[in-house]
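Undergrad: The structure that follows is given in the form of structure tokens.
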Amino acid sequence: MDRLSISTHLIGILTAFSAFTMPIALEVLNRVKSRYGSAHYMDSIEQIMGFKIQVLFRELIVTLIAIICFTLFVCSVDKDLFKDGYVLFTEFVFSLITSALLIKEFKFIKTVFLATRSDNLVTEHLISKLQTKNNTNHPEEVELLVQIACYNIEHTAITSEKSTENRLFELIEKACVNQDCSIDTDTIKRLVDGLAATLTSARNTNSRDKYVSLQRDYGRLLVLFFDRKMKDYNVFETFSRRFYEESIKELNTGQYWLLRGDFLISIHTWDIQNPQTIRFIDSHVRSLIYFLVDKKPELLPELIDNYRNFISFESHFADDLYELSHLFGSYNPAHFKEMSSFTETHKELLTTTPQDYINNFKLLLDKYVQDALTPPVTESRLDEIMQVKYEYEQRMISEIIKRVGESTAKSTAQHTLRVLANKSQWGCILDCHESFSPAHSKVSRLGVNLLPASLNSMLQQLGQPQGHSYSNSEELSHAYVRAVPILVMYAVYSWRIQNMDENLHTCISAITSSLNMGEKSIQIANRMLNELKQATYYAKSPVYAEAFCNHFDIKHEEADFNSIVIPILSKIQDYLNNQLIEIRETQPLSEAIKQLYIDGILMKGQNLADKFPLFSFVSLSKDKQVPFKLPSKSYERERFLDNTGVGYVSRSYRFIESIYNAIALTIITKKGSSLSALDFEVLENNHLLVMTHKDWQNFTSSKDIDDFKDVKHHLVFSDEPLDAFYVYDTKESQTLVTLYNPEINQELTPLDENMGNAFEFEFIDKEGKVTVKVDAHIYC
């Protein structure tokens with residue numbers, strides 16, 4: 001056995017290490033399973049080591065069996081048959097194999113020790129794998145990273161900068177902000193989606209600091225992800241719903257950070273590059289509003305204030321736009337008219353399709369750039385112009401996005417008042433107003449005010465459509481009407497708190513002296529008046545004054561506040577009635593409505609040749625003759641004003657019919673034949689018989705219906721029978737009338753659109769009436 005002493009030692013070593021390694025592996029597996037519930041952790045350890053653990057076990061067992069078999073073989077054969085040199089050489093080979101296995105064994109033990117002590121090794125490995133491109137988008141790696149992050153959040157007291165979730169947040173921000181392409185967008189999407197689970201883990205720890213920090217970081221990265229990486233609407237809906245679900249999980253936890261939109265503190269409009277991101281944020285805020293109004297209405301003032309913090313400051317786009325005139329040095333007045341009217345011309349795009357608004361601004365900027373490059377400039381000047389253009393464009397796009405956010409946030413803040421009013425949450429409405437600029441404060445806070453405490457703000461909201469459907473809009477509009485008394489009281493209170501020595505009723509003239517209804521139109525003014533009548537009815541209830549004075553602890557003035565609302569509403573109604581009179585008297589007549597009136601007379605969209613066959617072909621003349629003078633018609637001025645809320649249908653086509661009838665009678669009289677000469681049998685298919693109704697009735701009364709049932713006839717009106725008829729040959733394209741045309745003389749042409757040139761319209765706007773005079777230059 002001496003010559004097998006090496007084999008004996010090798011057997012002992014392999015047996016010892018096999019017995020030592022197996023329990024470690026099993027312990028690690030059990031710990032990983034209980035900690036993460038995932039088998040991917042062991043896969044990661046094996047990838048770090050470069051070999052599979054089961055392969056190591058197999059190699060150990062196979063090597064051990066091989067050495068034992070070799071030992072038995074050597075013992076069973078004669079020394080002369082298997083000499084010591086062969087034995088020694090074989091043992092040397094087994095020693096090398098055993099050494100290699102021991103190295104792998106030590107590597108395994110070291111890796112398991114490091115992985116058990118900290119997740120950094122596995123985390124580093126997984127993150128490095130995320131940066132390699134493949135077709136699977138790394139679902140296993142993302143799942144394990146999220147599980148590690150969740151476990152560490154729940155089982156560590158302090159969150160470090162190198163924690164798994166912070167490293168993943170940093171990775172996502174780098175990919176979004178710096179446009180780092182080392183990680184695929186779909187992988188980032190998986191990470192953002194998976195990391196939502198960390199919010200629940202942080203919430204379960206009951207650690208305020210940990211949860212506040214995490215929800216702010218996650219909310220910020222979710223917004224940046226949508227802003228820089230994601231354009232798919234379906235993904236937007238999915239993530240928005242997931243974030244909303246995470247938010248409402250806070251309801252019974254006592255931690256209301258997501259419900260209050262606290263994550264909006266960590267991001268601002270100047271961080272946004274895509275206006276669609278505003279839509280995501282606003283949609284999420286509105287979802288929270290509808291949830292909180294039933295469950296936790298007292299959180300809504302903080303939600304609105306956090307939303308205001310996201311907007312921060314008003315946009316200066318309208319003012320900064322005028323920099324275009326001298327952006328590249330010398331003053332350029334070429335496009336001043338387009339520039340000065342830009343915001344008004346495209347204001348609808350700002351709320352419907354803000355990206356189109358941005359694109360139109362870029363087109364305007366390009367015009368100024370082209371002017372600056374004409375005549376050709378030096379290369380250095382070209383670089384300077386393009387740099388100025390780039391910086392100005394980026395700044396102005398940021399201002400446009402800020403303006404979109406400001407408009408959206410103001411609309412949502414007013415929407416909040418409506419849903420609160422619908423639930424009679426008067427105290428929460430007052431808290432929403434007080435959250436930014438309290439009535440008692442003498443300090444003017446910087447930033448945009450989403451809910452100004454003024455009568456003008458209240459007045460301009462009346463009659464505005466709200467909600468996602470007609471019934472919902474009607475419900476919310478009615479709710480706002482019910483809130484008007486409490487809003488008027490708040491405007492009075494804001495005045496009162498600054499004028500303590502004055503009689504409360506003195507404020508009536510003070511706060512109604514500078515009323516402004518905003519956009520002026522008859523329709524809006526009428527809506528406001530209708531809703532103010534309803535508000536006056538509700539203002540008679542003492543409930544409003546009681547709720548208001550209880551909220552501000554001023555019970556001693558409850559009677560005064562109760563009596564002051566109706567006089568103020570009366571003053572506002574007087575103002576609106578005066579505005580209606582002014583609008584009716586001064587608003588310019590609508591060119592569009594006048595054109596609709598003209599189109600009605602000209603019967604636009606109808607086939608005139610079929611209706612008036614004698615006018616199928618006409619001749620055109622540039623020489624004016626005596627026209628048909630049609631009777632003038634007078635209308636109330638409001639008939640021709642925009643935005644009255646009343647639609648008018650023009651029935652004026654009888655103008656052409658009366659002209660046609662008169663001409664037809666002339667043709668029958670002058671070019672027709674006596675009725676006694678009429679023979680139905682000689683009429684052909686291309687013949688159209690033209691006569692008066694009375695002549696037709698008299699002539700056919702004594703005939704059998706079979707004699708004239710196939711006769712093509714066209715009847716005109718007359719007071720008396722003419723005892724004549726006219727046969728119009730449709731095949732010959734005859735011209736029986738001449739139309740005035742200022743541009744051309746032509747013998748024969750289809751009627752088509754030539755009728756419009758033959759009419760002259762005059763709209764006389766005088767003393768509240770509009771008189772329409774019509775001359776028809778149609779000559780027989």
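All residue names refer to the structure tokens as shown: chains lettered A, B, ... in order, residues numbered from 1 in each chain, ligands numbered from 1 in order.
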What's the 7 Å shell around segment 194-201 of chain A, counting only C-alpha atoms, without same-chain residues fewer than 4 positions away, as a list in words?
TA: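 The contact residues come out as Val146, Ala149, Cys150, Ile153, Glu154, Arg190, Thr205, Leu214 and Gln215 of chain A.
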Undergrad: Go ahead and write the residues just picked, all heavy atoms, as a PDB file, in the first residue's frame.
TA:
ATOM      1  N   VAL A 146     -35.043  43.254  -8.688  1.00  0.00           N
ATOM      2  CA  VAL A 146     -36.181  43.823  -7.964  1.00  0.00           C
ATOM      3  C   VAL A 146     -36.398  43.076  -6.657  1.00  0.00           C
ATOM      4  O   VAL A 146     -36.660  43.691  -5.606  1.00  0.00           O
ATOM      5  CB  VAL A 146     -37.449  43.782  -8.840  1.00  0.00           C
ATOM      6  CG1 VAL A 146     -38.678  44.164  -8.021  1.00  0.00           C
ATOM      7  CG2 VAL A 146     -37.302  44.727 -10.031  1.00  0.00           C
ATOM      8  N   ALA A 149     -33.756  44.165  -4.247  1.00  0.00           N
ATOM      9  CA  ALA A 149     -34.056  45.517  -3.766  1.00  0.00           C
ATOM     10  C   ALA A 149     -35.173  45.487  -2.723  1.00  0.00           C
ATOM     11  O   ALA A 149     -35.066  46.127  -1.666  1.00  0.00           O
ATOM     12  CB  ALA A 149     -34.440  46.411  -4.941  1.00  0.00           C
ATOM     13  N   CYS A 150     -36.223  44.748  -2.991  1.00  0.00           N
ATOM     14  CA  CYS A 150     -37.356  44.673  -2.058  1.00  0.00           C
ATOM     15  C   CYS A 150     -36.931  44.055  -0.730  1.00  0.00           C
ATOM     16  O   CYS A 150     -37.306  44.544   0.350  1.00  0.00           O
ATOM     17  CB  CYS A 150     -38.493  43.860  -2.678  1.00  0.00           C
ATOM     18  SG  CYS A 150     -39.328  44.681  -4.046  1.00  0.00           S
ATOM     19  N   ILE A 153     -34.720  46.504   1.227  1.00  0.00           N
ATOM     20  CA  ILE A 153     -35.503  47.624   1.767  1.00  0.00           C
ATOM     21  C   ILE A 153     -36.186  47.210   3.065  1.00  0.00           C
ATOM     22  O   ILE A 153     -36.205  47.957   4.054  1.00  0.00           O
ATOM     23  CB  ILE A 153     -36.541  48.099   0.732  1.00  0.00           C
ATOM     24  CG1 ILE A 153     -35.839  48.837  -0.413  1.00  0.00           C
ATOM     25  CG2 ILE A 153     -37.578  49.018   1.371  1.00  0.00           C
ATOM     26  CD1 ILE A 153     -36.746  49.152  -1.592  1.00  0.00           C
ATOM     27  N   GLU A 154     -36.749  46.024   3.065  1.00  0.00           N
ATOM     28  CA  GLU A 154     -37.503  45.563   4.224  1.00  0.00           C
ATOM     29  C   GLU A 154     -36.610  45.113   5.382  1.00  0.00           C
ATOM     30  O   GLU A 154     -37.070  45.075   6.516  1.00  0.00           O
ATOM     31  CB  GLU A 154     -38.428  44.411   3.813  1.00  0.00           C
ATOM     32  CG  GLU A 154     -39.540  44.828   2.872  1.00  0.00           C
ATOM     33  CD  GLU A 154     -40.534  43.709   2.633  1.00  0.00           C
ATOM     34  OE1 GLU A 154     -40.681  42.858   3.530  1.00  0.00           O
ATOM     35  OE2 GLU A 154     -41.155  43.677   1.558  1.00  0.00           O
ATOM     36  N   ARG A 190     -38.926  47.274 -18.290  1.00  0.00           N
ATOM     37  CA  ARG A 190     -39.105  46.196 -17.312  1.00  0.00           C
ATOM     38  C   ARG A 190     -38.654  46.630 -15.921  1.00  0.00           C
ATOM     39  O   ARG A 190     -39.293  46.327 -14.909  1.00  0.00           O
ATOM     40  CB  ARG A 190     -38.304  44.962 -17.729  1.00  0.00           C
ATOM     41  CG  ARG A 190     -38.907  44.169 -18.878  1.00  0.00           C
ATOM     42  CD  ARG A 190     -38.076  42.922 -19.157  1.00  0.00           C
ATOM     43  NE  ARG A 190     -38.620  42.148 -20.245  1.00  0.00           N
ATOM     44  CZ  ARG A 190     -39.587  41.252 -20.130  1.00  0.00           C
ATOM     45  NH1 ARG A 190     -40.118  41.033 -18.937  1.00  0.00           N
ATOM     46  NH2 ARG A 190     -40.017  40.578 -21.168  1.00  0.00           N
ATOM     47  N   THR A 205     -42.181  48.806   5.826  1.00  0.00           N
ATOM     48  CA  THR A 205     -41.177  49.016   6.879  1.00  0.00           C
ATOM     49  C   THR A 205     -41.645  50.015   7.934  1.00  0.00           C
ATOM     50  O   THR A 205     -41.051  50.111   9.013  1.00  0.00           O
ATOM     51  CB  THR A 205     -39.866  49.538   6.275  1.00  0.00           C
ATOM     52  OG1 THR A 205     -40.095  50.831   5.686  1.00  0.00           O
ATOM     53  CG2 THR A 205     -39.333  48.580   5.215  1.00  0.00           C
ATOM     54  N   LEU A 214     -38.021  57.054  -1.264  1.00  0.00           N
ATOM     55  CA  LEU A 214     -38.204  56.092  -2.349  1.00  0.00           C
ATOM     56  C   LEU A 214     -39.326  56.509  -3.296  1.00  0.00           C
ATOM     57  O   LEU A 214     -39.172  56.452  -4.518  1.00  0.00           O
ATOM     58  CB  LEU A 214     -38.488  54.703  -1.775  1.00  0.00           C
ATOM     59  CG  LEU A 214     -38.516  53.569  -2.804  1.00  0.00           C
ATOM     60  CD1 LEU A 214     -37.116  53.342  -3.362  1.00  0.00           C
ATOM     61  CD2 LEU A 214     -39.031  52.291  -2.177  1.00  0.00           C
ATOM     62  N   GLN A 215     -40.468  56.944  -2.755  1.00  0.00           N
ATOM     63  CA  GLN A 215     -41.577  57.296  -3.642  1.00  0.00           C
ATOM     64  C   GLN A 215     -41.252  58.544  -4.461  1.00  0.00           C
ATOM     65  O   GLN A 215     -41.697  58.684  -5.603  1.00  0.00           O
ATOM     66  CB  GLN A 215     -42.881  57.468  -2.845  1.00  0.00           C
ATOM     67  CG  GLN A 215     -42.877  58.516  -1.746  1.00  0.00           C
ATOM     68  CD  GLN A 215     -43.301  59.894  -2.220  1.00  0.00           C
ATOM     69  OE1 GLN A 215     -43.987  60.010  -3.232  1.00  0.00           O
ATOM     70  NE2 GLN A 215     -42.885  60.926  -1.507  1.00  0.00           N
TER      71      GLN A 215
END
Undergrad: Taking the DSSP secondary structure from the backbone, can you list the residues of segment 203-431 of chain A that are helix (DSSP H, G or I), as a ChimeraX atom specification?
TA: /A:203-204,208-228,233-248,262-266,269-271,276-295,297-311,317-326,336-340,342-345,347-352,354-372,379-422,426-431
Undergrad: Report as a PyMOL selection string all protein, DNA and RNA residues lying within 9 Å of Gln587 of chain A, evaluated on only C-alpha atoms, omitting residues in the same chain fewer than 5 positions from it.
TA: chain A and resi 521+582+641-642
Undergrad: Output all heavy atoms of each residue in that selection to a file, as a compact mmCIF listing (two decimals), in the first residue's frame.
TA:
# COMPACT_ATOMS: atom_id res chain seq x y z
N SER A 521 -68.54 86.99 -25.13
CA SER A 521 -69.45 86.54 -26.16
C SER A 521 -70.85 86.47 -25.57
O SER A 521 -71.02 86.36 -24.34
CB SER A 521 -69.04 85.16 -26.70
OG SER A 521 -69.36 84.15 -25.78
N GLU A 582 -73.40 95.82 -24.61
CA GLU A 582 -72.19 96.30 -25.29
C GLU A 582 -71.76 95.33 -26.39
O GLU A 582 -71.39 95.76 -27.50
CB GLU A 582 -71.06 96.48 -24.27
CG GLU A 582 -69.78 97.00 -24.89
CD GLU A 582 -68.65 97.12 -23.87
OE1 GLU A 582 -68.95 97.29 -22.67
OE2 GLU A 582 -67.49 97.02 -24.29
N LEU A 641 -73.80 87.60 -35.45
CA LEU A 641 -72.68 87.64 -34.50
C LEU A 641 -72.24 86.21 -34.16
O LEU A 641 -73.05 85.29 -34.10
CB LEU A 641 -73.08 88.37 -33.22
CG LEU A 641 -73.49 89.83 -33.36
CD1 LEU A 641 -73.82 90.42 -31.99
CD2 LEU A 641 -72.40 90.64 -34.04
N ASP A 642 -70.92 86.06 -33.92
CA ASP A 642 -70.37 84.77 -33.51
C ASP A 642 -70.72 84.47 -32.06
O ASP A 642 -70.94 85.38 -31.24
CB ASP A 642 -68.84 84.78 -33.65
CG ASP A 642 -68.40 84.53 -35.09
OD1 ASP A 642 -69.06 83.71 -35.76
OD2 ASP A 642 -67.41 85.14 -35.52
Undergrad: If you count only C-alpha atoms, which residues fall within 12 Å of segment 537-544 of chain A, apart from same-chain ones fewer than 6 positions away, as number ranges by chain?
TA: A: 421, 424-427, 430, 478-490, 530-531, 550-551, 558-570
Undergrad: For Lys694 of chain A, work out the shell of residues within 12 Å, counting only C-alpha atoms and skipping chain neighbours fewer than 6 positions away, then give it as a list of chain:residue names.
TA: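 My reading of the contact set: A:Leu675, A:Thr700, A:Ser701, A:Leu715, A:Val716, A:Phe717, A:Ser718, A:Asp719, A:Glu720, A:Pro721, A:Leu722, A:Asp723, A:Ala724, A:Phe725.
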Undergrad: Quick one: residues within 12 Å of Gly329 of chain A, only C-alpha atoms, excluding same-chain residues fewer than 4 positions away - as a PyMOL selection string?
TA: chain A and resi 323-325+368-369+371-373+381+384-385+388
